[in-house]
>>> print(open('structure23.txt').read())   # compact mmCIF, C-alpha atoms
# COMPACT_ATOMS: atom_id res chain seq x y z
CA MET A 1060 -74.95 79.89 134.05
CA LYS A 1061 -71.59 81.60 134.48
CA THR A 1062 -69.84 78.24 133.99
CA LEU A 1063 -71.75 77.72 130.75
CA VAL A 1064 -70.72 81.16 129.53
CA LEU A 1065 -67.06 80.48 130.39
CA VAL A 1066 -67.08 77.12 128.61
CA SER A 1067 -68.65 78.80 125.56
CA CYS A 1068 -65.93 81.43 125.66
CA ILE A 1069 -63.17 78.81 125.79
CA ILE A 1070 -64.66 76.93 122.84
CA ALA A 1071 -64.99 80.12 120.82
CA PHE A 1072 -61.53 81.21 121.86
CA ALA A 1073 -59.87 77.93 120.89
CA ALA A 1074 -61.77 77.80 117.60
CA ALA A 1075 -60.37 81.21 116.70
CA LEU A 1076 -56.78 79.93 116.90
CA PRO A 1077 -54.95 79.58 113.57
CA ALA A 1078 -54.25 76.07 112.29
CA GLU A 1079 -51.35 74.37 114.16
CA ASP A 1080 -49.51 73.59 110.95
CA ALA A 1081 -49.69 77.16 109.69
CA VAL A 1082 -46.26 78.37 108.58
CA VAL A 1083 -45.27 81.97 109.26
CA PRO A 1084 -42.74 83.29 106.76
CA GLU A 1085 -39.65 84.68 108.47
CA GLN A 1086 -39.96 88.03 106.73
CA ALA A 1087 -43.56 88.39 107.96
CA LEU A 1088 -42.81 87.58 111.60
CA PHE A 1089 -43.46 91.12 112.88
CA GLU A 1090 -46.71 91.38 110.96
CA ALA A 1091 -47.81 87.94 112.17
CA VAL A 1092 -47.31 88.92 115.79
CA ASP A 1093 -49.44 92.06 115.28
CA ALA A 1094 -52.04 90.03 113.43
CA ASP A 1095 -52.35 87.60 116.36
CA PHE A 1096 -52.87 90.49 118.76
CA GLU A 1097 -55.49 92.04 116.51
CA ALA A 1098 -57.22 88.69 116.06
CA THR A 1099 -57.52 88.43 119.81
CA ARG A 1100 -58.92 91.96 119.90
CA THR A 1101 -61.61 90.88 117.42
CA ASP A 1102 -62.41 87.83 119.58
CA LEU A 1103 -62.73 90.05 122.63
CA GLU A 1104 -65.09 92.41 120.84
CA GLN A 1105 -67.25 89.48 119.76
CA LEU A 1106 -67.37 88.09 123.28
CA ARG A 1107 -68.38 91.49 124.66
CA ALA A 1108 -71.07 91.77 121.99
CA LYS A 1109 -72.53 88.49 123.26
CA GLY A 1110 -72.71 89.91 126.77
CA THR A 1111 -69.58 88.33 128.20
CA SER A 1112 -68.17 90.56 130.93
CA ASP A 1113 -64.52 91.59 131.15
CA LYS A 1114 -64.28 89.63 134.38
CA GLU A 1115 -65.42 86.47 132.62
CA CYS A 1116 -63.00 87.14 129.75
CA ARG A 1117 -60.16 87.54 132.25
CA LYS A 1118 -61.17 84.18 133.73
CA LEU A 1119 -60.96 82.84 130.19
CA ALA A 1120 -57.35 83.99 129.92
CA ASP A 1121 -56.54 82.40 133.28
CA ALA A 1122 -58.34 79.19 132.35
CA THR A 1123 -56.45 78.97 129.06
CA GLU A 1124 -53.08 79.24 130.83
CA LYS A 1125 -54.15 76.71 133.46
CA ASP A 1126 -55.27 74.34 130.72
CA VAL A 1127 -51.80 74.50 129.18
CA GLU A 1128 -50.18 73.99 132.59
CA ALA A 1129 -52.47 71.03 133.32
CA SER A 1130 -51.61 69.47 129.96
CA VAL A 1131 -47.88 69.82 130.64
CA LYS A 1132 -48.30 68.44 134.18
CA ALA A 1133 -50.13 65.40 132.84
CA GLN A 1134 -47.23 64.73 130.52
CA GLN A 1135 -44.76 65.35 133.31
CA ASP A 1136 -46.58 62.81 135.46
CA ALA A 1137 -46.44 60.32 132.57
CA LEU A 1138 -42.68 60.84 132.22
CA ASP A 1139 -42.23 60.52 135.97
CA SER A 1140 -43.97 57.13 135.88
CA ILE A 1141 -41.38 55.64 133.51
CA ASP A 1142 -38.77 53.37 135.10
CA LYS A 1143 -35.82 55.42 136.31
CA GLY A 1144 -33.39 52.54 136.71
CA GLU A 1145 -34.44 51.11 140.05
CA LYS A 1146 -35.11 47.67 138.57
CA CYS A 1147 -31.91 47.41 136.53
CA PRO A 1148 -29.69 45.90 139.27
CA SER A 1149 -32.02 42.89 139.48
CA ARG A 1150 -31.46 41.92 135.85
CA HIS A 1151 -30.28 38.28 135.52
CA SER A 1152 -30.08 38.02 139.33
CA LYS A 1153 -31.84 34.63 139.35
CA VAL A 1154 -29.40 33.27 136.78
CA VAL A 1155 -26.41 34.52 138.77
CA SER A 1156 -27.85 33.15 142.03
CA ALA A 1157 -28.38 29.72 140.45
CA ALA A 1158 -24.86 29.75 139.01
CA LEU A 1159 -23.42 30.76 142.39
CA LYS A 1160 -25.35 27.97 144.11
CA ASN A 1161 -23.94 25.46 141.62
CA LEU A 1162 -20.43 26.87 142.11
CA ILE A 1163 -20.62 26.55 145.91
CA LYS A 1164 -21.86 22.97 145.58
CA ALA A 1165 -19.11 22.16 143.07
CA LYS A 1166 -16.46 23.49 145.47
CA SER A 1167 -17.89 21.36 148.27
CA ASP A 1168 -18.12 18.28 146.03
CA LYS A 1169 -14.52 18.73 144.91
CA LYS A 1170 -13.27 18.98 148.49
CA LYS A 1171 -15.20 15.86 149.53
CA ALA A 1172 -13.96 13.92 146.50
CA LYS A 1173 -10.38 15.09 147.05
CA ASP A 1174 -10.51 14.08 150.72
CA ALA A 1175 -12.02 10.69 149.80
CA TYR A 1176 -9.24 10.10 147.27
CA ALA A 1177 -6.57 11.00 149.82
CA LYS A 1178 -8.21 8.68 152.36
CA ALA A 1179 -8.43 5.82 149.84
CA LYS A 1180 -4.67 6.08 149.17
CA LYS A 1181 -4.04 5.70 152.91
CA THR A 1182 -6.09 2.51 153.22
CA THR A 1183 -4.36 -0.19 155.34
CA ILE A 1184 -4.10 -3.47 153.44
CA ASP A 1185 -3.95 -6.76 155.37
CA PHE A 1186 -2.31 -9.33 153.10
CA GLY A 1187 -2.90 -12.16 155.64
CA LYS A 1188 -0.49 -15.06 156.46
CA PHE A 1189 1.81 -16.83 153.97
CA THR A 1190 3.94 -19.99 154.27
CA TYR A 1191 7.60 -19.67 153.53
CA ASP A 1192 7.43 -21.66 150.31
CA GLN A 1193 4.70 -19.29 148.97
CA LEU A 1194 7.20 -16.41 148.85
CA THR A 1195 10.05 -15.95 146.38
CA PRO A 1196 12.62 -13.18 146.97
CA GLY A 1197 12.24 -10.35 144.41
CA GLN A 1198 8.78 -11.46 143.28
CA CYS A 1199 5.80 -9.50 144.69
CA GLY A 1200 3.01 -10.94 142.59
CA SER A 1201 1.76 -12.89 145.56
CA PHE A 1202 0.89 -9.59 147.23
CA PHE A 1203 -0.52 -7.63 144.25
CA ASN A 1204 -2.73 -10.52 143.24
CA GLN A 1205 -4.33 -10.66 146.64
CA ALA A 1206 -8.00 -9.63 146.82
CA ALA A 1207 -7.18 -7.18 149.61
CA TYR A 1208 -4.82 -5.22 147.32
CA LYS A 1209 -7.06 -5.44 144.27
CA ASN A 1210 -10.05 -4.16 146.23
CA ALA A 1211 -7.98 -1.27 147.65
CA ALA A 1212 -6.61 -0.44 144.17
CA THR A 1213 -10.13 -0.43 142.73
CA ALA A 1214 -11.31 1.88 145.52
CA VAL A 1215 -8.39 4.26 144.92
CA LYS A 1216 -9.03 4.29 141.17
CA SER A 1217 -12.72 5.01 141.72
CA ALA A 1218 -11.95 7.78 144.24
CA LYS A 1219 -9.48 9.36 141.82
CA ALA A 1220 -12.04 9.29 138.99
CA LYS A 1221 -14.59 10.96 141.25
CA ALA A 1222 -12.04 13.57 142.34
CA ASP A 1223 -11.13 14.32 138.69
CA LYS A 1224 -14.81 14.54 137.75
CA ALA A 1225 -15.48 16.89 140.67
CA ALA A 1226 -12.52 19.07 139.66
CA GLY A 1227 -13.85 19.26 136.11
CA ALA A 1228 -17.32 20.10 137.38
CA LEU A 1229 -15.86 22.90 139.50
CA THR A 1230 -14.02 24.33 136.50
CA ALA A 1231 -17.22 24.24 134.44
CA SER A 1232 -19.24 25.77 137.29
CA GLN A 1233 -16.69 28.55 137.71
CA LYS A 1234 -16.86 29.34 133.99
CA ALA A 1235 -20.66 29.28 134.07
CA TYR A 1236 -20.71 31.61 137.08
CA ASP A 1237 -18.19 34.02 135.52
CA ALA A 1238 -20.22 34.06 132.30
CA ALA A 1239 -23.44 34.68 134.25
CA VAL A 1240 -21.83 37.59 136.12
CA ALA A 1241 -20.50 39.06 132.85
CA ASP A 1242 -23.93 38.65 131.21
CA GLN A 1243 -25.57 40.29 134.19
CA LYS A 1244 -23.19 43.23 134.04
CA SER A 1245 -23.95 43.65 130.34
CA ALA A 1246 -27.71 43.30 130.91
CA ILE A 1247 -27.69 45.83 133.74
CA ASN A 1248 -25.74 48.34 131.68
CA LYS A 1249 -28.06 47.81 128.71
CA CYS A 1250 -31.03 48.38 131.02
CA HIS A 1251 -29.57 51.68 132.25
CA CYS A 1252 -28.77 52.79 128.70
CA ASP A 1253 -32.23 51.83 127.41
CA ILE A 1254 -33.81 53.93 130.16
CA LYS A 1255 -31.60 56.93 129.40
CA LYS A 1256 -32.52 56.65 125.73
CA LEU A 1257 -36.24 56.23 126.46
CA GLN A 1258 -36.33 59.13 128.91
CA LYS A 1259 -34.57 61.44 126.46
CA ALA A 1260 -36.71 60.45 123.46
CA THR A 1261 -39.96 60.68 125.45
CA LEU A 1262 -39.05 64.10 126.82
CA GLN A 1263 -38.23 65.44 123.38
CA LYS A 1264 -41.43 64.05 121.86
CA MET A 1265 -43.62 65.38 124.65
CA ASN A 1266 -42.28 68.91 124.36
CA SER A 1267 -42.26 68.79 120.57
CA ASP A 1268 -45.86 67.58 120.34
CA VAL A 1269 -47.33 70.37 122.44
CA LYS A 1270 -44.96 73.26 121.80
CA VAL A 1271 -46.78 74.78 118.81
CA ALA A 1272 -50.29 74.51 120.26
CA ASN A 1273 -49.28 75.55 123.76
CA THR A 1274 -47.25 78.49 122.50
CA LYS A 1275 -50.26 79.83 120.59
CA LEU A 1276 -52.62 79.31 123.52
CA TYR A 1277 -50.25 80.96 125.97
CA LYS A 1278 -49.71 83.89 123.59
CA ARG A 1279 -53.45 84.32 123.02
CA ALA A 1280 -54.15 84.27 126.78
CA ALA A 1281 -51.49 86.93 127.34
CA ASP A 1282 -52.87 89.07 124.49
CA LEU A 1283 -56.39 88.84 125.93
CA ARG A 1284 -55.19 89.93 129.35
CA CYS A 1285 -53.22 92.83 127.82
CA LEU A 1286 -56.28 93.97 125.87
CA LEU A 1287 -58.37 93.91 129.03
CA ASP A 1288 -55.67 95.92 130.84
CA GLY A 1289 -55.25 98.36 127.96
CA THR A 1290 -51.63 97.27 127.37
CA PRO A 1291 -50.45 97.82 123.76
CA ALA A 1292 -49.10 94.93 121.72
CA SER A 1293 -45.55 96.30 121.85
CA LYS A 1294 -45.54 96.04 125.65
CA CYS A 1295 -47.55 92.87 126.04
CA LYS A 1296 -45.40 90.20 127.70
CA VAL A 1297 -46.00 86.48 127.47
CA GLY A 1298 -44.99 84.36 130.45
CA ALA A 1299 -42.50 81.50 130.14
CA LEU A 1300 -44.16 78.53 128.47
CA PRO A 1301 -44.31 75.54 130.85
CA VAL A 1302 -42.47 72.51 129.52
CA VAL A 1303 -41.88 68.94 130.58
CA VAL A 1304 -38.53 68.73 132.39
CA PRO A 1305 -36.07 65.81 132.59
CA VAL A 1306 -36.70 63.24 135.28
CA LYS A 1307 -33.94 62.41 137.74
CA VAL A 1308 -32.88 58.82 137.12
CA THR A 1309 -30.86 56.68 139.51
CA ALA A 1310 -27.19 57.52 139.97
CA ALA A 1311 -26.22 54.23 138.29
CA THR A 1312 -28.40 55.00 135.28
CA ALA A 1313 -27.02 58.53 134.99
CA ALA A 1314 -23.43 57.21 135.15
CA ALA A 1315 -23.95 54.33 132.71
CA LYS A 1316 -21.58 54.29 129.75
CA CYS A 1317 -23.69 53.66 126.68
CA GLY A 1318 -21.20 53.43 123.88
CA PRO A 1319 -20.13 50.44 121.77
CA THR A 1320 -18.90 47.24 123.40
CA GLY A 1321 -16.56 44.38 122.58
CA LEU A 1322 -14.10 44.24 119.70
CA VAL A 1323 -13.99 46.99 117.08
CA VAL A 1324 -15.66 45.74 113.90
CA PHE A 1325 -14.38 47.16 110.61
CA ASP A 1326 -16.92 47.30 107.78
CA SER A 1327 -14.69 48.83 105.15
CA VAL A 1328 -11.13 48.03 104.04
CA THR A 1329 -9.22 49.48 101.11
CA GLY A 1330 -6.06 48.68 99.16
CA ASN A 1331 -4.20 45.67 100.53
CA ALA A 1332 -5.91 45.83 103.92
CA ARG A 1333 -7.55 42.55 104.94
CA HIS A 1334 -9.63 41.28 107.85
CA CYS A 1335 -8.04 38.71 110.16
CA GLY A 1336 -11.10 38.31 112.40
CA LYS A 1337 -13.02 40.79 114.54
CA GLY A 1338 -10.75 43.46 115.92
CA CYS A 1339 -7.94 42.43 113.58
CA VAL A 1340 -6.69 43.99 110.30
CA TYR A 1341 -3.44 43.46 108.39
CA LYS A 1342 -1.77 44.56 105.16
CA LYS A 1343 -1.42 41.67 102.72
CA GLY A 1344 1.76 42.30 100.77
CA GLY A 1345 1.97 45.46 98.69
CA THR A 1346 4.70 48.07 98.85
CA PHE A 1347 6.05 50.40 101.52
CA SER A 1348 3.55 53.17 100.87
CA TRP A 1349 0.59 54.98 102.38
CA TYR A 1350 -1.07 55.17 98.96
CA GLN A 1351 -1.49 53.12 95.73
CA PRO A 1352 -4.29 53.11 97.08
CA ALA A 1353 -4.28 53.51 100.84
CA SER A 1354 -4.26 50.22 102.78
CA ALA A 1355 -6.77 51.41 105.34
CA ALA A 1356 -9.79 50.30 107.34
CA ARG A 1357 -12.76 52.06 108.98
CA SER A 1358 -14.88 50.94 111.93
CA LEU A 1359 -18.56 50.09 111.56
CA HIS A 1360 -19.55 52.04 114.68
CA THR A 1361 -19.51 55.83 114.80
CA LEU A 1362 -18.60 57.23 118.21
CA THR A 1363 -20.94 60.12 119.01
CA PRO A 1364 -20.46 63.06 121.42
CA ALA A 1365 -23.23 61.65 123.61
CA GLU A 1366 -21.31 58.38 123.92
CA TYR A 1367 -17.95 59.93 124.77
CA GLU A 1368 -19.30 62.83 126.85
CA HIS A 1369 -18.07 61.19 130.05
CA GLY A 1370 -15.20 59.35 128.38
CA TYR A 1371 -14.80 56.52 125.89
CA GLY A 1372 -12.06 55.11 123.71
CA PHE A 1373 -10.38 52.09 122.18
CA CYS A 1374 -7.17 50.09 122.49
CA ALA A 1375 -5.12 48.26 119.88
CA THR A 1376 -2.30 45.71 119.99
CA ARG A 1377 0.58 46.05 117.56
CA ALA A 1378 1.00 42.46 116.35
CA GLN A 1379 3.74 42.84 113.70
CA GLY A 1380 5.18 45.22 111.12
CA LYS A 1381 7.23 48.40 110.92
CA LEU A 1382 4.93 51.36 110.35
CA ALA A 1383 1.22 52.18 110.53
CA MET A 1384 -1.21 54.64 112.13
CA ILE A 1385 -4.49 54.22 113.93
CA GLY A 1386 -6.83 56.73 115.54
CA LEU A 1387 -10.10 58.65 115.32
CA PHE A 1388 -11.44 59.89 112.00
CA ASP A 1389 -13.87 62.83 111.68
CA ASN A 1390 -16.79 61.09 110.01
CA SER A 1391 -18.09 64.33 108.46
CA LYS A 1392 -15.18 64.22 105.99
CA GLY A 1393 -16.54 61.18 104.22
CA TRP A 1394 -14.69 57.98 103.35
CA SER A 1395 -13.10 56.91 100.09
CA THR A 1396 -10.34 54.65 98.77
CA SER A 1397 -8.03 57.68 98.72
CA THR A 1398 -8.31 58.03 102.51
CA ASN A 1399 -4.80 57.93 103.91
CA VAL A 1400 -2.70 58.75 106.91
CA ASN A 1401 -3.24 62.50 106.49
CA ASP A 1402 -6.99 62.06 106.90
CA ILE A 1403 -6.87 60.49 110.38
CA THR A 1404 -7.97 63.29 112.67
CA TYR A 1405 -6.18 62.05 115.81
CA ALA A 1406 -3.69 59.27 115.19
CA MET A 1407 -1.23 57.09 117.08
CA ASP A 1408 1.86 56.43 114.98
CA ALA A 1409 3.34 52.93 115.39
CA GLY A 1410 6.93 52.91 114.10
CA THR A 1411 8.52 56.34 114.34
CA VAL A 1412 11.52 56.66 116.68
CA SER A 1413 14.10 59.37 117.35
CA GLY A 1414 16.12 60.44 114.36
CA THR A 1415 14.27 58.50 111.68
CA SER A 1416 11.22 58.91 109.50
CA TYR A 1417 10.24 55.26 109.42
CA GLY A 1418 12.14 53.76 112.30
CA LYS A 1419 12.43 50.33 113.84
CA ALA A 1420 9.51 48.62 115.48
CA GLY A 1421 8.76 49.98 118.91
CA GLY A 1422 8.44 53.70 118.20
CA PHE A 1423 5.42 55.79 119.14
CA ASN A 1424 4.15 59.20 118.11
CA VAL A 1425 0.94 61.22 118.08
CA TYR A 1426 -0.25 62.87 114.90
CA TYR A 1427 -2.98 65.50 114.35
CA ASP A 1428 -3.39 68.89 112.69
CA ASN A 1429 -1.05 67.46 110.02
CA THR A 1430 1.76 67.56 112.60
CA ARG A 1431 3.63 64.97 114.59
CA LYS A 1432 3.32 66.14 118.17
CA LEU A 1433 6.37 64.28 119.54
CA PRO A 1434 9.02 65.62 117.10
CA ASN A 1435 11.62 62.91 117.71
CA GLY A 1436 9.27 60.10 118.61
CA ILE A 1437 9.61 57.90 121.67
CA GLU A 1438 10.03 54.24 122.49
CA GLY A 1439 6.56 53.24 123.46
CA TRP A 1440 4.79 50.77 121.19
CA LYS A 1441 6.68 47.53 120.84
CA ILE A 1442 5.45 44.39 119.09
CA LYS A 1443 2.69 42.76 121.19
CA GLY A 1444 2.32 46.06 123.09
CA GLN A 1445 -0.91 48.00 123.52
CA ALA A 1446 -1.79 51.65 122.96
CA CYS A 1447 -5.11 53.42 123.57
CA VAL A 1448 -6.97 56.61 122.65
CA TRP A 1449 -9.29 58.14 125.28
CA ILE A 1450 -11.72 60.93 124.43
CA THR A 1451 -14.13 63.03 126.53
CA LYS A 1452 -16.15 66.17 125.81
CA GLU A 1453 -13.16 68.21 127.00
CA TRP A 1454 -9.97 66.45 125.97
CA LEU A 1455 -8.17 63.52 124.32
CA SER A 1456 -5.25 61.49 125.63
CA PHE A 1457 -2.95 58.87 124.11
CA TRP A 1458 -1.65 55.96 126.22
CA THR A 1459 0.96 53.21 125.90
CA ASN A 1460 1.94 50.21 128.02
CA SER A 1461 5.32 49.06 126.74
CA ASP A 1462 7.66 48.88 129.73
CA SER A 1463 7.94 48.10 133.45
CA ASN A 1464 6.39 51.47 134.34
CA GLY A 1465 2.98 50.28 133.14
CA TRP A 1466 0.43 52.53 131.51
CA ARG A 1467 1.47 56.11 130.79
CA SER A 1468 -0.31 59.02 129.14
CA ARG A 1469 2.03 60.12 126.36
CA LEU A 1470 0.15 63.24 125.25
CA SER A 1471 -3.11 65.07 125.96
CA THR A 1472 -4.92 67.84 124.12
CA LYS A 1473 -7.91 69.97 125.13
CA SER A 1474 -8.64 71.71 121.84
CA TYR A 1475 -10.81 69.81 119.38
CA PRO A 1476 -14.23 70.08 117.78
CA LYS A 1477 -17.03 67.85 119.08
CA LYS A 1478 -17.50 65.54 116.13
CA GLN A 1479 -18.64 62.03 115.35
CA TYR A 1480 -15.67 59.72 114.98
CA LYS A 1481 -14.86 56.33 113.53
CA VAL A 1482 -11.78 54.26 114.33
CA VAL A 1483 -9.57 54.34 111.24
CA LEU A 1484 -6.18 52.81 110.52
CA ALA A 1485 -3.70 53.14 107.64
CA MET A 1486 -0.72 50.81 107.08
CA TYR A 1487 2.56 51.78 105.41
CA SER A 1488 4.51 48.53 105.75
CA PRO A 1489 3.60 45.23 104.07
CA TYR A 1490 2.31 42.61 106.52
CA PHE A 1491 1.70 45.13 109.29
CA GLN A 1492 -1.03 43.90 111.62
CA PHE A 1493 -3.20 45.45 114.33
CA GLN A 1494 -5.09 42.97 116.49
CA ASP A 1495 -7.21 42.86 119.65
CA MET A 1496 -8.73 46.26 118.86
CA TYR A 1497 -11.56 46.83 121.34
CA TRP A 1498 -13.68 49.56 122.93
CA ILE A 1499 -13.05 50.82 126.47
CA SER A 1500 -15.37 52.77 128.79
CA THR A 1501 -12.71 53.37 131.46
CA GLN A 1502 -9.39 55.00 130.64
CA PRO A 1503 -6.12 53.21 131.46
CA ILE A 1504 -4.87 53.64 135.03
CA LYS A 1505 -1.46 55.26 135.30
CA GLY A 1506 1.15 52.73 136.43
CA SER A 1507 -1.13 49.69 136.07
CA LYS A 1508 0.27 46.69 134.20
CA GLY A 1509 -2.74 44.79 132.84
CA LYS A 1510 -5.00 45.31 129.86
CA PRO A 1511 -7.73 47.95 130.26
CA ALA A 1512 -11.14 46.33 130.65
CA MET A 1513 -13.16 45.86 127.49
CA ALA A 1514 -16.41 47.83 127.38
>>> encode(input="structure23.txt", output="structure tokens")
Amino acid sequence: MKTLVLVSCIIAFAAALPAEDAVVPEQALFEAVDADFEATRTDLEQLRAKGTSDKECRKLADATEKDVEASVKAQQDALDSIDKGEKCPSRHSKVVSAALKNLIKAKSDKKKAKDAYAKAKKTTIDFGKFTYDQLTPGQCGSFFNQAAYKNAATAVKSAKAKADKAAGALTASQKAYDAAVADQKSAINKCHCDIKKLQKATLQKMNSDVKVANTKLYKRAADLRCLLDGTPASKCKVGALPVVVPVKVTAATAAAKCGPTGLVVFDSVTGNARHCGKGCVYKKGGTFSWYQPASAARSLHTLTPAEYEHGYGFCATRAQGKLAMIGLFDNSKGWSTSTNVNDITYAMDAGTVSGTSYGKAGGFNVYYDNTRKLPNGIEGWKIKGQACVWITKEWLSFWTNSDSNGWRSRLSTKSYPKKQYKVVLAMYSPYFQFQDMYWISTQPIKGSKGKPAMA
């Protein structure tokens, strides 16, 4: 009987809640809070009038809170059941294993074929006996026309063909294995990134879906308890609303870099700027000018704070030309054909050297806040040389690799707003060309000589 009464109370209590989509004007917030408390008072009076005891009403308040907590726990359990990254390392493992098996066999086949070829060339040939008048000094045809020689020559030719075929098969197997490993790496990283995205989106949706209803229920339960205790509305405290919390994913998933990959693709060019393939832009003719209009280009992808939180960037190769700039552009500014060098938020200047405004090829500078940060410029970006921009949630750095000292950080800054950025370039000199522009998820290593790995 008591259970029936409690269930009836909960139904009546829930029915008395205002509609979930009710909007409370900001100016009426104080009155709305008082109104909720008074509405609960009315509910309590009605329950008492039906013979419900204060003890049963207190159980109602407790049951309401527990119902909210149970709802949140159910959602937490659902979030916990989602893959946390444990299965990602196994992506494409069968393909890689098969490719490795083929590679090992190809290496063995090549060695056997090479050894067989070497052995065939060492074959002893018995030419048999000849009479004196069968031999003519200086003429060896009698020997090379012998079946013993012809058979040996045929065997050597066949062994060489097999050795060449085995070498070609090994080269193909090595390429297939390398491609399988690269595909696996990409698939594993995509798996980690998909899980991070799914976990975040699910968490946000779960908390968003229940926040309004749970907040009202939790508030009403607290108001009911305060009314039973004789606590006025002004001193009635509502406990912290339980929420679904993030799930701990695997370390590899947490550390996964989930930004853009491959070559930088430019979806917009202005002025005399032209595409020369993915990751390649040049200035086709024109004059020595930043304007008329600007010969510029903007990347398709927008780099977000979430993507560069733990570090991300891009590299570019200076293919030819005297002067241009490339860097990160604050996407909130908008893009137009008038965009020019002054609009690039953080730029690397290819061309400036000590003592000149537009110096010989090979100069390097950094440009932001409408100021060149290396007043006299430095030698640092020669033709065919690379330069990179690296950005994290705390700082940016600018790198070059133009001499025997390898990669060097030319300048770093810690003060910048967390914005969304596109890669943007502007070219001053006719026929200037940037090529091999690609994304990186690991910053250059000081003193290293090779190209930073492509993301």
>>> atom_distance(input="structure23.txt", atom1="atom CA of Trp1458 of chain A", atom2="atom CA of Thr1430 of chain A")
18.2 Å
>>> residues_around(input="structure23.txt", residues="Thr1274 of chain A", least_positions_apart="4", cutoff="7 Å", atoms="all atoms listed in the file", output="PDB file with C-alpha atoms, keeping the file's coordinate frame")
ATOM      1  CA  LYS A1270     -44.960  73.260 121.800  1.00  0.00           C
ATOM      2  CA  LYS A1278     -49.710  83.890 123.590  1.00  0.00           C
ATOM      3  CA  LEU A1300     -44.160  78.530 128.470  1.00  0.00           C
TER       4      LEU A1300
END
>>> closest_atom_pairs(input="structure23.txt", of="segment 1149-1260 of chain A", to="segment 1118-1139 of chain A", cutoff="10 Å", atoms="only C-alpha atoms", output="CSV")
residue,atom,partner,partner_atom,distance
A:Leu1257,CA,A:Leu1138,CA,9.8
A:Gln1258,CA,A:Leu1138,CA,7.4
A:Lys1259,CA,A:Leu1138,CA,10.0
>>> write_last_selection(input="structure23.txt", atoms="C-alpha atoms", output="compact mmCIF listing (two decimals), in the frame of the given file")
# COMPACT_ATOMS: atom_id res chain seq x y z
CA LEU A 1257 -36.24 56.23 126.46
CA GLN A 1258 -36.33 59.13 128.91
CA LYS A 1259 -34.57 61.44 126.46
>>> residues_near_point(input="structure23.txt", point="(-2.6, 45.9, 132.6)", cutoff="8 Å", atoms="only C-alpha atoms", output="PyMOL selection string")
chain A and resi 1460+1465-1466+1507-1511
>>> residues_around(input="structure23.txt", residues="segment 1194-1211 of chain A", least_positions_apart="3", cutoff="8 Å", atoms="only C-alpha atoms", output="ChimeraX atom specification")
/A:1179,1182,1184-1186,1189-1191,1214-1215
>>> atom_distance(input="structure23.txt", atom1="atom CA of Asn1401 of chain A", atom2="atom CA of Ile1385 of chain A")
11.2 Å
>>> residues_near_point(input="structure23.txt", point="(-38.0, 49.5, 133.8)", cutoff="9 Å", atoms="all atoms listed in the file", output="ChimeraX atom specification")
/A:1141-1147,1250-1251,1253-1254
>>> closest_residue(input="structure23.txt", among="A:Ser1293, A:Ser1245, A:Ser1468, A:Ser1488", to="Tyr1341 of chain A", atoms="all atoms listed in the file")
A:Ser1488
>>> residues_around(input="structure23.txt", residues="Trp1454 of chain A", least_positions_apart="4", cutoff="10 Å", atoms="only C-alpha atoms", output="PyMOL selection string")
chain A and resi 1370+1449-1450+1471-1477
>>> atom_distance(input="structure23.txt", atom1="atom CA of Leu1359 of chain A", atom2="atom CA of Gly1330 of chain A")
17.7 Å
>>> closest_residue(input="structure23.txt", among="A:Lys1188, A:Lys1221, A:Arg1150, A:Arg1284", to="Lys1169 of chain A", atoms="only C-alpha atoms")
A:Lys1221
>>> closest_residue(input="structure23.txt", among="A:Ala1365, A:Pro1319, A:Thr1459, A:Leu1484", to="Ala1406 of chain A", atoms="all atoms listed in the file")
A:Leu1484
>>> closest_residue(input="structure23.txt", among="A:Ala1356, A:Val1482, A:Ala1226, A:Cys1447", to="Leu1162 of chain A", atoms="all atoms listed in the file")
A:Ala1226
>>> residues_around(input="structure23.txt", residues="segment 1320-1325 of chain A", least_positions_apart="2", cutoff="8 Å", atoms="all atoms listed in the file", output="count of residues only")
17
>>> closest_residue(input="structure23.txt", among="A:Leu1159, A:Val1340, A:Ala1175, A:Ala1314", to="Ser1217 of chain A", atoms="all atoms listed in the file")
A:Ala1175
>>> build_atoms(input="structure23.txt", residues="segment 1379-1385 of chain A", atoms="N, CA and C atoms", output="compact mmCIF listing (two decimals), in the coordinates of the input")
# COMPACT_ATOMS: atom_id res chain seq x y z
N GLN A 1379 2.52 42.98 114.50
CA GLN A 1379 3.74 42.84 113.70
C GLN A 1379 3.82 43.99 112.71
N GLY A 1380 5.00 44.21 112.15
CA GLY A 1380 5.18 45.22 111.12
C GLY A 1380 5.96 46.43 111.59
N LYS A 1381 6.35 47.27 110.63
CA LYS A 1381 7.23 48.40 110.92
C LYS A 1381 6.52 49.73 111.08
N LEU A 1382 5.50 50.02 110.28
CA LEU A 1382 4.93 51.36 110.35
C LEU A 1382 3.45 51.37 109.96
N ALA A 1383 2.65 52.00 110.80
CA ALA A 1383 1.22 52.18 110.53
C ALA A 1383 0.68 53.23 111.49
N MET A 1384 -0.54 53.68 111.25
CA MET A 1384 -1.21 54.64 112.13
C MET A 1384 -2.63 54.18 112.39
N ILE A 1385 -3.12 54.53 113.57
CA ILE A 1385 -4.49 54.22 113.93
C ILE A 1385 -5.02 55.31 114.86
